[in-house]
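Shown next: query34.pdb, containing PDB, C-alpha atoms.
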```pdb
ATOM      1  CA  MET A  15       0.000   0.000   0.000
ATOM      2  CA  THR A  16       1.248   3.453  -0.875
ATOM      3  CA  LYS A  17       1.590   5.603   2.220
ATOM      4  CA  LEU A  18       0.219   9.124   2.208
ATOM      5  CA  PRO A  19       2.061  12.082   3.766
ATOM      6  CA  ILE A  20      -0.190  12.076   6.819
ATOM      7  CA  SER A  21       0.656  12.140  10.515
ATOM      8  CA  VAL A  22      -1.689  10.208  12.756
ATOM      9  CA  VAL A  23      -1.482  11.214  16.407
ATOM     10  CA  ILE A  24      -2.743   8.861  19.089
ATOM     11  CA  ILE A  25      -3.128   9.926  22.731
ATOM     12  CA  THR A  26      -2.653   7.033  25.166
ATOM     13  CA  LEU A  27      -2.625   5.928  28.776
ATOM     14  CA  ASN A  28      -2.386   2.204  29.501
ATOM     15  CA  GLU A  29      -3.749   1.071  26.128
ATOM     16  CA  GLU A  30      -1.716  -2.110  25.619
ATOM     17  CA  ALA A  31      -4.894  -4.036  24.775
ATOM     18  CA  HIS A  32      -5.757  -1.652  21.912
ATOM     19  CA  ILE A  33      -2.682   0.218  20.656
ATOM     20  CA  GLU A  34      -1.467  -2.324  18.110
ATOM     21  CA  ARG A  35      -4.899  -2.630  16.496
ATOM     22  CA  CYS A  36      -5.230   1.155  16.491
ATOM     23  CA  ILE A  37      -1.866   1.678  14.770
ATOM     24  CA  ARG A  38      -2.499  -1.107  12.263
ATOM     25  CA  SER A  39      -5.842   0.497  11.351
ATOM     26  CA  VAL A  40      -4.032   3.375   9.590
ATOM     27  CA  PRO A  41      -1.663   1.644   7.158
ATOM     28  CA  PHE A  42      -2.019   4.552   4.726
ATOM     29  CA  ALA A  43      -0.265   7.059   7.026
ATOM     30  CA  ASP A  44       3.492   7.450   6.785
ATOM     31  CA  ASP A  45       3.889   8.949  10.269
ATOM     32  CA  ILE A  46       2.371   7.549  13.457
ATOM     33  CA  VAL A  47       2.871   9.560  16.644
ATOM     34  CA  VAL A  48       1.850   8.315  20.080
ATOM     35  CA  VAL A  49       1.587  10.887  22.869
ATOM     36  CA  ASP A  50       1.659   8.734  25.980
ATOM     37  CA  SER A  51       0.823   9.883  29.511
ATOM     38  CA  PHE A  52       3.401   7.655  31.220
ATOM     39  CA  SER A  53       1.606   4.334  30.816
ATOM     40  CA  THR A  54       2.524   1.660  33.333
ATOM     41  CA  ASP A  55       1.722  -1.218  30.991
ATOM     42  CA  ARG A  56       3.303  -2.215  27.643
ATOM     43  CA  THR A  57       1.681   0.568  25.576
ATOM     44  CA  VAL A  58       4.954   2.317  24.711
ATOM     45  CA  GLU A  59       6.787  -0.924  23.938
ATOM     46  CA  ILE A  60       4.031  -2.119  21.606
ATOM     47  CA  ALA A  61       3.695   1.269  19.884
ATOM     48  CA  GLU A  62       7.436   1.437  19.206
ATOM     49  CA  LYS A  63       7.422  -2.153  17.926
ATOM     50  CA  CYS A  64       4.677  -1.132  15.488
ATOM     51  CA  GLY A  65       6.866   1.721  14.181
ATOM     52  CA  ALA A  66       5.280   4.655  15.998
ATOM     53  CA  ARG A  67       7.289   7.569  17.303
ATOM     54  CA  VAL A  68       6.472   7.875  21.004
ATOM     55  CA  PHE A  69       6.520  11.035  23.108
ATOM     56  CA  LYS A  70       5.779  11.075  26.817
ATOM     57  CA  GLU A  71       3.766  13.961  28.172
ATOM     58  CA  LYS A  72       2.177  14.268  31.601
ATOM     59  CA  TRP A  73      -1.627  14.258  31.342
ATOM     60  CA  LYS A  74      -2.939  17.821  31.374
ATOM     61  CA  GLY A  75      -6.443  17.209  30.036
ATOM     62  CA  PHE A  76      -7.799  16.515  26.572
ATOM     63  CA  GLY A  77      -7.300  20.024  25.194
ATOM     64  CA  PRO A  78      -3.678  20.465  26.259
ATOM     65  CA  GLN A  79      -2.824  16.872  25.322
ATOM     66  CA  LYS A  80      -4.191  17.377  21.809
ATOM     67  CA  SER A  81      -2.256  20.660  21.560
ATOM     68  CA  PHE A  82       1.000  18.867  22.421
ATOM     69  CA  ARG A  83       0.716  16.895  19.180
ATOM     70  CA  HIS A  84       1.411  20.012  17.090
ATOM     71  CA  GLY A  85       5.077  19.888  18.064
ATOM     72  CA  THR A  86       5.396  16.168  17.331
ATOM     73  CA  SER A  87       3.973  15.872  13.842
ATOM     74  CA  GLN A  88       6.209  15.874  10.779
ATOM     75  CA  LYS A  89       3.322  16.838   8.525
ATOM     76  CA  SER A  90       1.120  19.868   8.194
ATOM     77  CA  LEU A  91      -1.813  19.717  10.589
ATOM     78  CA  ASP A  92      -4.457  21.358   8.473
ATOM     79  CA  HIS A  93      -7.050  18.878   9.734
ATOM     80  CA  PHE A  94      -7.388  17.056  13.019
ATOM     81  CA  PHE A  95      -9.844  14.263  13.657
ATOM     82  CA  GLY A  96     -10.260  13.119  17.230
ATOM     83  CA  CYS A  97     -11.720   9.785  18.194
ATOM     84  CA  GLY A  98     -12.916   8.559  21.542
TER      85      GLY A  98
END
```
Turn the structure described in the file into structure tokens.
Amino acid sequence: MTKLPISVVIITLNEEAHIERCIRSVPFADDIVVVDSFSTDRTVEIAEKCGARVFKEKWKGFGPQKSFRHGTSQKSLDHFFGCG
């Protein structure tokens, strides 16, 4: 599959049960960024194994956490789609 120049940003906290499926659901994106709030499970390990770039950021609430992603993306963030 040809990858598109899109950054997908995923905000996590203890999501080891879901993170691999989440990352694999966007095979079209050429940049996967995980902003993790210091998970105590295997979330970071799994995300890195799946090829994501992982940044750790203390949880500050949904708004600030989503704002943190702007400094992590390699692509233009003209559009942002939040899930969950």
Legend entry - For stretch 58-64 of chain A: contacts at 12 Å, only C-alpha atoms, fewer than 2 positions along chain excluded, given as a ChimeraX atom specification: /A:23-41,45-56,66-70
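Atom CA of A:Gly65 is found 11.4 Å from atom CA of A:Ala43.
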Inset, instruction - Calculate how many Å separate atom CA of A:Met15 from atom CA of A:Phe42, rounding to one decimal. - result: 6.9 Å
Inset, instruction - Figure out the distance between atom CA of A:Ile20 and atom CA of A:Asp44, please, to one decimal in Å. - result: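 Going from atom CA of A:Asp44 over to atom CA of A:Ile20 covers 5.9 Å.
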Centre and size of axis-aligned box enclosing stretch 60-67 of chain A plus 8 Å each side, as AutoDock Vina command-line options:
```
--center_x 5.6 --center_y 2.7 --center_z 17.9 --size_x 19.7 --size_y 25.7 --size_z 23.4
```
